$ cat query.txt   # compact mmCIF, C-alpha atoms and all ligand atoms
# COMPACT_ATOMS: atom_id res chain seq x y z
CA MET A 101 -5.60 -5.76 -13.95
CA ALA A 102 -4.40 -8.02 -11.12
CA ARG A 103 -6.33 -7.47 -7.92
CA PRO A 104 -4.43 -4.87 -5.86
CA LEU A 105 -3.68 -5.86 -2.29
CA ILE A 106 -4.90 -3.85 0.69
CA GLN A 107 -2.41 -3.32 3.49
CA MET A 108 -3.75 -2.32 6.91
CA ALA A 109 -1.29 -0.12 8.77
CA LEU A 110 -1.47 -1.02 12.46
CA ASP A 111 -0.11 2.16 14.03
CA SER A 112 -1.30 1.91 17.65
CA LEU A 113 1.29 1.49 20.41
CA ASP A 114 -0.99 -0.80 22.39
CA PHE A 115 -0.34 -4.54 21.88
CA ASN A 116 -3.89 -5.73 22.66
CA GLN A 117 -5.58 -2.95 20.69
CA THR A 118 -3.40 -3.82 17.72
CA VAL A 119 -4.41 -7.48 17.84
CA ALA A 120 -8.09 -6.54 18.31
CA LEU A 121 -8.03 -4.16 15.34
CA ALA A 122 -6.38 -6.81 13.18
CA ASP A 123 -9.20 -9.21 14.14
CA GLN A 124 -11.87 -6.70 13.12
CA VAL A 125 -10.48 -5.88 9.68
CA ALA A 126 -9.04 -9.28 8.77
CA PRO A 127 -11.86 -10.26 6.36
CA TYR A 128 -11.16 -7.24 4.16
CA VAL A 129 -7.38 -6.86 4.00
CA ASP A 130 -4.50 -8.87 2.55
CA ILE A 131 -1.49 -7.57 4.46
CA PHE A 132 -1.09 -6.57 8.08
CA GLU A 133 1.55 -3.89 8.47
CA ILE A 134 3.06 -3.57 11.92
CA GLY A 135 3.76 0.19 11.70
CA THR A 136 7.06 1.69 12.73
CA PRO A 137 5.98 3.19 16.07
CA CYS A 138 4.13 -0.04 16.85
CA ILE A 139 7.07 -2.37 16.15
CA LYS A 140 9.48 -0.12 18.08
CA TYR A 141 7.18 -0.15 21.08
CA ASN A 142 6.12 -3.80 21.03
CA GLY A 143 9.02 -5.55 19.41
CA ILE A 144 9.31 -8.99 17.91
CA ASN A 145 6.70 -10.63 20.17
CA LEU A 146 3.97 -8.82 18.25
CA VAL A 147 5.28 -10.29 15.00
CA LYS A 148 5.11 -13.76 16.54
CA GLU A 149 1.60 -13.15 17.90
CA LEU A 150 0.17 -11.92 14.58
CA ARG A 151 1.97 -14.69 12.67
CA GLN A 152 0.35 -17.28 14.89
CA ARG A 153 -3.13 -15.73 14.82
CA PHE A 154 -3.21 -14.96 11.10
CA PRO A 155 -1.29 -17.70 9.28
CA ASP A 156 -3.02 -16.84 5.98
CA LYS A 157 -2.28 -13.09 5.96
CA LEU A 158 0.84 -11.47 4.66
CA LEU A 159 2.75 -9.77 7.45
CA LEU A 160 4.82 -6.63 6.77
CA VAL A 161 7.10 -5.31 9.47
CA ASP A 162 7.73 -1.61 8.87
CA LEU A 163 11.24 -1.48 10.31
CA LYS A 164 12.31 1.39 8.01
CA THR A 165 15.83 0.05 8.47
CA MET A 166 18.63 2.62 8.14
CA ASP A 167 21.75 0.54 8.85
CA ALA A 168 22.87 -3.02 9.60
CA GLY A 169 20.30 -4.23 7.10
CA GLU A 170 20.92 -7.96 7.09
CA TYR A 171 21.44 -8.16 10.85
CA GLU A 172 18.38 -6.10 11.81
CA ALA A 173 15.93 -7.56 9.30
CA GLY A 174 17.03 -11.19 9.69
CA ALA A 175 15.48 -11.63 13.11
CA PHE A 176 12.11 -10.31 11.91
CA TYR A 177 12.03 -12.58 8.87
CA ALA A 178 12.88 -15.48 11.17
CA ALA A 179 9.94 -14.50 13.41
CA GLY A 180 7.52 -14.75 10.50
CA ALA A 181 7.59 -11.49 8.52
CA ASP A 182 6.77 -11.91 4.84
CA ILE A 183 7.97 -8.40 4.02
CA VAL A 184 10.32 -6.03 5.83
CA THR A 185 10.87 -2.40 4.87
CA VAL A 186 14.22 -0.68 4.43
CA LEU A 187 14.67 3.03 3.82
CA GLY A 188 15.71 4.11 0.35
CA VAL A 189 17.80 6.85 2.00
CA SER A 190 19.84 4.18 3.81
CA GLY A 191 21.82 3.50 0.64
CA LEU A 192 22.41 0.50 -1.57
CA ALA A 193 24.62 -1.43 0.87
CA THR A 194 21.91 -1.53 3.54
CA ILE A 195 19.19 -2.25 0.99
CA SER A 196 21.28 -5.11 -0.32
CA GLY A 197 21.70 -6.51 3.21
CA VAL A 198 17.94 -6.62 3.83
CA ILE A 199 17.38 -8.29 0.46
CA LYS A 200 20.01 -10.90 1.39
CA ALA A 201 18.18 -11.61 4.67
CA ALA A 202 14.84 -11.87 2.84
CA LYS A 203 16.26 -14.37 0.35
CA LYS A 204 17.48 -16.59 3.19
CA HIS A 205 13.89 -16.85 4.43
CA GLY A 206 12.11 -16.97 1.06
CA ALA A 207 10.59 -13.58 1.89
CA GLU A 208 10.38 -10.12 0.29
CA THR A 209 11.82 -6.64 0.74
CA GLN A 210 10.11 -3.29 0.33
CA ILE A 211 12.19 -0.20 -0.31
CA ASP A 212 10.49 2.81 1.28
CA LEU A 213 11.16 5.86 -0.88
CA ILE A 214 10.13 8.28 1.87
CA ASN A 215 12.32 11.42 1.75
CA VAL A 216 14.45 10.06 -1.12
CA ASP A 217 15.45 12.90 -3.46
CA ASP A 218 16.00 10.83 -6.60
CA LYS A 219 13.25 8.24 -6.25
CA ALA A 220 13.60 6.92 -9.81
CA TYR A 221 17.31 6.15 -9.28
CA ILE A 222 16.80 4.33 -5.97
CA ALA A 223 13.81 2.44 -7.37
CA LYS A 224 15.79 1.28 -10.43
CA GLU A 225 18.85 0.26 -8.37
CA SER A 226 16.66 -1.55 -5.84
CA VAL A 227 15.08 -3.60 -8.61
CA LYS A 228 18.55 -4.51 -9.89
CA LEU A 229 19.43 -5.66 -6.35
CA GLY A 230 16.34 -7.89 -6.25
CA ALA A 231 13.72 -5.87 -4.35
CA GLN A 232 10.15 -6.99 -4.98
CA ILE A 233 8.32 -3.85 -3.79
CA VAL A 234 9.02 -0.11 -3.84
CA GLY A 235 6.97 2.08 -1.54
CA ILE A 236 5.76 5.54 -2.45
CA HIS A 237 5.18 7.01 0.97
CA THR A 238 4.14 10.38 2.31
CA GLY A 239 4.69 9.97 6.05
CA LEU A 240 2.41 11.22 8.78
CA ASP A 241 4.49 14.36 9.42
CA ALA A 242 4.65 15.25 5.72
CA GLN A 243 0.90 14.68 5.45
CA ALA A 244 0.39 17.13 8.31
CA ALA A 245 2.41 19.63 6.25
CA GLY A 246 0.00 19.14 3.34
CA GLN A 247 1.93 16.67 1.15
CA THR A 248 0.41 13.73 -0.75
CA PRO A 249 1.90 10.68 -2.55
CA PHE A 250 0.03 11.04 -5.85
CA SER A 251 2.56 12.81 -8.04
CA ASP A 252 5.42 10.50 -6.93
CA LEU A 253 3.21 7.47 -7.57
CA ASN A 254 2.57 8.61 -11.15
CA ASP A 255 6.29 9.25 -11.73
CA ILE A 256 7.40 5.81 -10.48
CA ALA A 257 4.56 3.94 -12.20
CA ARG A 258 5.51 5.55 -15.53
CA LEU A 259 8.97 3.96 -15.32
CA GLY A 260 7.39 0.53 -15.92
CA LEU A 261 9.86 -1.25 -13.64
CA ASN A 262 9.60 -4.95 -12.92
CA VAL A 263 8.53 -4.35 -9.32
CA ARG A 264 5.31 -4.04 -7.34
CA ILE A 265 4.41 -0.52 -6.22
CA SER A 266 3.00 0.20 -2.81
CA VAL A 267 1.44 3.57 -1.98
CA ALA A 268 0.94 5.05 1.49
CA GLY A 269 0.09 8.43 2.87
CA GLY A 270 -3.45 9.29 3.88
CA ILE A 271 -5.16 7.01 1.36
CA LYS A 272 -8.91 6.96 1.99
CA GLN A 273 -12.17 6.07 0.25
CA ALA A 274 -12.07 9.22 -1.88
CA THR A 275 -8.58 8.48 -3.26
CA VAL A 276 -8.59 4.69 -3.68
CA GLN A 277 -9.72 4.74 -7.31
CA GLN A 278 -7.06 7.32 -8.22
CA VAL A 279 -4.18 5.24 -6.83
CA VAL A 280 -5.41 1.99 -8.37
CA GLU A 281 -5.72 3.67 -11.77
CA ALA A 282 -2.24 5.17 -11.35
CA GLY A 283 -0.82 1.65 -11.07
CA ALA A 284 -0.46 0.92 -7.36
CA ASN A 285 -0.33 -2.82 -6.61
CA ILE A 286 -0.52 -2.43 -2.83
CA ILE A 287 -2.79 0.16 -1.23
CA VAL A 288 -1.75 1.02 2.33
CA VAL A 289 -4.45 2.39 4.61
CA GLY A 290 -4.03 3.42 8.23
CA ALA A 291 -5.99 6.33 9.68
CA ALA A 292 -8.91 6.00 7.26
CA ILE A 293 -9.60 2.60 8.85
CA TYR A 294 -8.37 2.80 12.45
CA GLY A 295 -9.74 6.34 12.87
CA ALA A 296 -13.20 5.48 11.54
CA PRO A 297 -16.19 4.97 13.86
CA SER A 298 -16.31 1.38 12.57
CA PRO A 299 -12.90 0.18 11.35
CA ALA A 300 -14.45 -3.01 9.95
CA GLU A 301 -17.02 -1.04 7.94
CA SER A 302 -14.36 1.33 6.63
CA ALA A 303 -12.13 -1.61 5.62
CA ARG A 304 -15.08 -3.26 3.87
CA GLU A 305 -15.80 -0.06 1.90
CA ILE A 306 -12.16 0.23 0.87
CA ARG A 307 -12.11 -3.43 -0.23
CA GLU A 308 -15.16 -2.80 -2.44
CA LEU A 309 -13.69 0.38 -3.90
CA VAL A 310 -10.32 -1.24 -4.65
CA ASP A 311 -11.94 -4.25 -6.30
CA ALA A 312 -14.31 -2.05 -8.33
CA ALA A 313 -11.48 0.21 -9.49
CA ALA A 314 -9.44 -2.81 -10.60
CA ALA A 315 -12.32 -4.61 -12.35
O1 LIG B 1 4.05 4.15 7.61
C1 LIG B 1 3.33 4.91 8.17
C2 LIG B 1 3.85 6.04 8.98
O2 LIG B 1 5.05 6.48 8.44
C3 LIG B 1 4.13 5.62 10.40
O3 LIG B 1 4.96 4.53 10.46
C4 LIG B 1 1.85 4.73 8.11
O4 LIG B 1 1.57 3.45 8.56
C5 LIG B 1 1.35 4.94 6.68
O5 LIG B 1 1.56 6.30 6.38
C6 LIG B 1 -0.12 4.60 6.49
O6 LIG B 1 -0.94 5.33 7.35
P1 LIG B 1 -1.95 6.47 6.84
O7 LIG B 1 -1.13 7.51 6.18
O8 LIG B 1 -2.62 6.93 8.10
O9 LIG B 1 -2.93 5.81 5.89
$ encode --input "query.txt" --output "structure tokens"
Amino acid sequence: MARPLIQMALDSLDFNQTVALADQVAPYVDIFEIGTPCIKYNGINLVKELRQRFPDKLLLVDLKTMDAGEYEAGAFYAAGADIVTVLGVSGLATISGVIKAAKKHGAETQIDLINVDDKAYIAKESVKLGAQIVGIHTGLDAQAAGQTPFSDLNDIARLGLNVRISVAGGIKQATVQQVVEAGANIIVVGAAIYGAPSPAESAREIRELVDAAAA
């Protein structure tokens, strides 16, 4: 099995704390995600800062775009994003616009299937449009209501689409093996790292668990 990537969700609103957290966990993660609240609060300067500080990391900007796909995403690709997210619920025209912007910059697009009713349909159509990643995502509010991403992950993985699958939604040490075995290519972790007494130690543990599960 190819080594799954670990994506650190940077969900703080504070610019300096975000950069400091990225520094701490950098040895253990592959992708820095600038989370949606964080990018709304800090804007494109944070993309530029992380791009400059971490030239070897992948940088995902979690715009969760809903409209004006090409226009909105284009500026973030130009600032150094490797991956930008667009909402599956936005519809195929917006998804197509973000993919067009990504292509212009030699970058990638992730379709976030959060709150999509027919996830299989949107995933299949997104692949036809040229998306490289589909995201199974139980958001923070849905997690608080007791939901998890596991059943949706199994359903999408079973389709065998030519696309990488990202999974997010409360993933922690206890559930890493389960999502790797289910077929996730990108494991997104936020609170289990940034909420730990030692974020670096938590990230190191998750790295070990992901690598062991994929071995
Ligand atoms: O995308 C996220 C959320 O919707 C806010 O933007 C989180 O970054 C994602 O859910 C990962 O965080 P955890 O669920 O805390 O692991």
$ residues_around --input "query.txt" --residues "stretch 112-117 of chain A" --least-positions-apart "2" --cutoff "7 Å" --atoms "all atoms listed in the file" --output "list of chain:residue names"
A:Leu110, A:Val119, A:Ala120, A:Leu121, A:Pro137, A:Cys138, A:Tyr141, A:Asn142
$ residues_near_ligand --input "query.txt" --ligand "ligand LIG 1 (chain B)" --cutoff "8 Å" --atoms "only C-alpha atoms and all ligand atoms" --output "PDB file with C-alpha atoms, keeping the file's coordinate frame"
ATOM      1  CA  MET A 108      -3.750  -2.320   6.910  1.00  0.00           C
ATOM      2  CA  ALA A 109      -1.290  -0.120   8.770  1.00  0.00           C
ATOM      3  CA  LEU A 110      -1.470  -1.020  12.460  1.00  0.00           C
ATOM      4  CA  ASP A 111      -0.110   2.160  14.030  1.00  0.00           C
ATOM      5  CA  GLU A 133       1.550  -3.890   8.470  1.00  0.00           C
ATOM      6  CA  ILE A 134       3.060  -3.570  11.920  1.00  0.00           C
ATOM      7  CA  GLY A 135       3.760   0.190  11.700  1.00  0.00           C
ATOM      8  CA  THR A 136       7.060   1.690  12.730  1.00  0.00           C
ATOM      9  CA  PRO A 137       5.980   3.190  16.070  1.00  0.00           C
ATOM     10  CA  CYS A 138       4.130  -0.040  16.850  1.00  0.00           C
ATOM     11  CA  ASP A 162       7.730  -1.610   8.870  1.00  0.00           C
ATOM     12  CA  HIS A 237       5.180   7.010   0.970  1.00  0.00           C
ATOM     13  CA  THR A 238       4.140  10.380   2.310  1.00  0.00           C
ATOM     14  CA  GLY A 239       4.690   9.970   6.050  1.00  0.00           C
ATOM     15  CA  LEU A 240       2.410  11.220   8.780  1.00  0.00           C
ATOM     16  CA  ASP A 241       4.490  14.360   9.420  1.00  0.00           C
ATOM     17  CA  GLN A 243       0.900  14.680   5.450  1.00  0.00           C
ATOM     18  CA  ALA A 268       0.940   5.050   1.490  1.00  0.00           C
ATOM     19  CA  GLY A 269       0.090   8.430   2.870  1.00  0.00           C
ATOM     20  CA  GLY A 270      -3.450   9.290   3.880  1.00  0.00           C
ATOM     21  CA  ILE A 271      -5.160   7.010   1.360  1.00  0.00           C
ATOM     22  CA  LYS A 272      -8.910   6.960   1.990  1.00  0.00           C
ATOM     23  CA  VAL A 288      -1.750   1.020   2.330  1.00  0.00           C
ATOM     24  CA  VAL A 289      -4.450   2.390   4.610  1.00  0.00           C
ATOM     25  CA  GLY A 290      -4.030   3.420   8.230  1.00  0.00           C
ATOM     26  CA  ALA A 291      -5.990   6.330   9.680  1.00  0.00           C
ATOM     27  CA  ALA A 292      -8.910   6.000   7.260  1.00  0.00           C
ATOM     28  CA  ILE A 293      -9.600   2.600   8.850  1.00  0.00           C
TER      29      ILE A 293
END
$ atom_distance --input "query.txt" --atom1 "atom CA of A:Val234" --atom2 "atom CA of A:Arg307"
21.7 Å
$ residues_around --input "query.txt" --residues "stretch 209-212 of chain A" --least-positions-apart "4" --cutoff "9 Å" --atoms "all atoms listed in the file" --output "number ranges by chain"
A: 160, 164, 182-189, 195, 198-199, 201-203, 216, 222-223, 226, 230-237, 266
$ atom_distance --input "query.txt" --atom1 "atom CA of A:Lys148" --atom2 "atom CA of A:Ile306"
27.2 Å
$ closest_residue --input "query.txt" --among "A:Ala168, A:Val279, A:Ile106, A:Ala220" --to "A:Leu261" --atoms "all atoms listed in the file"
A:Ala220
$ atom_distance --input "query.txt" --atom1 "atom CA of A:Ser298" --atom2 "atom CA of A:Leu163"
27.8 Å
$ closest_residue --input "query.txt" --among "A:Pro249, A:Pro299, A:Gly174, A:Gly283" --to "A:Ile265" --atoms "only C-alpha atoms"
A:Gly283
$ closest_residue --input "query.txt" --among "A:Ala179, A:Leu229, A:Leu309, A:Leu105" --to "A:Arg151" --atoms "all atoms listed in the file"
A:Ala179
$ axis_aligned_box --input "query.txt" --around "stretch 153-171 of chain A" --padding-each-side "6 Å" --output "lines of an AutoDock Vina configuration file"
center_x = 9.8
center_y = -7.5
center_z = 9.7
size_x = 38.1
size_y = 32.3
size_z = 22.2
$ residues_around --input "query.txt" --residues "A:Phe154" --least-positions-apart "3" --cutoff "12 Å" --atoms "all atoms listed in the file" --output "ChimeraX atom specification"
/A:119,122-123,125-127,129-132,146-151,157-159,180-181
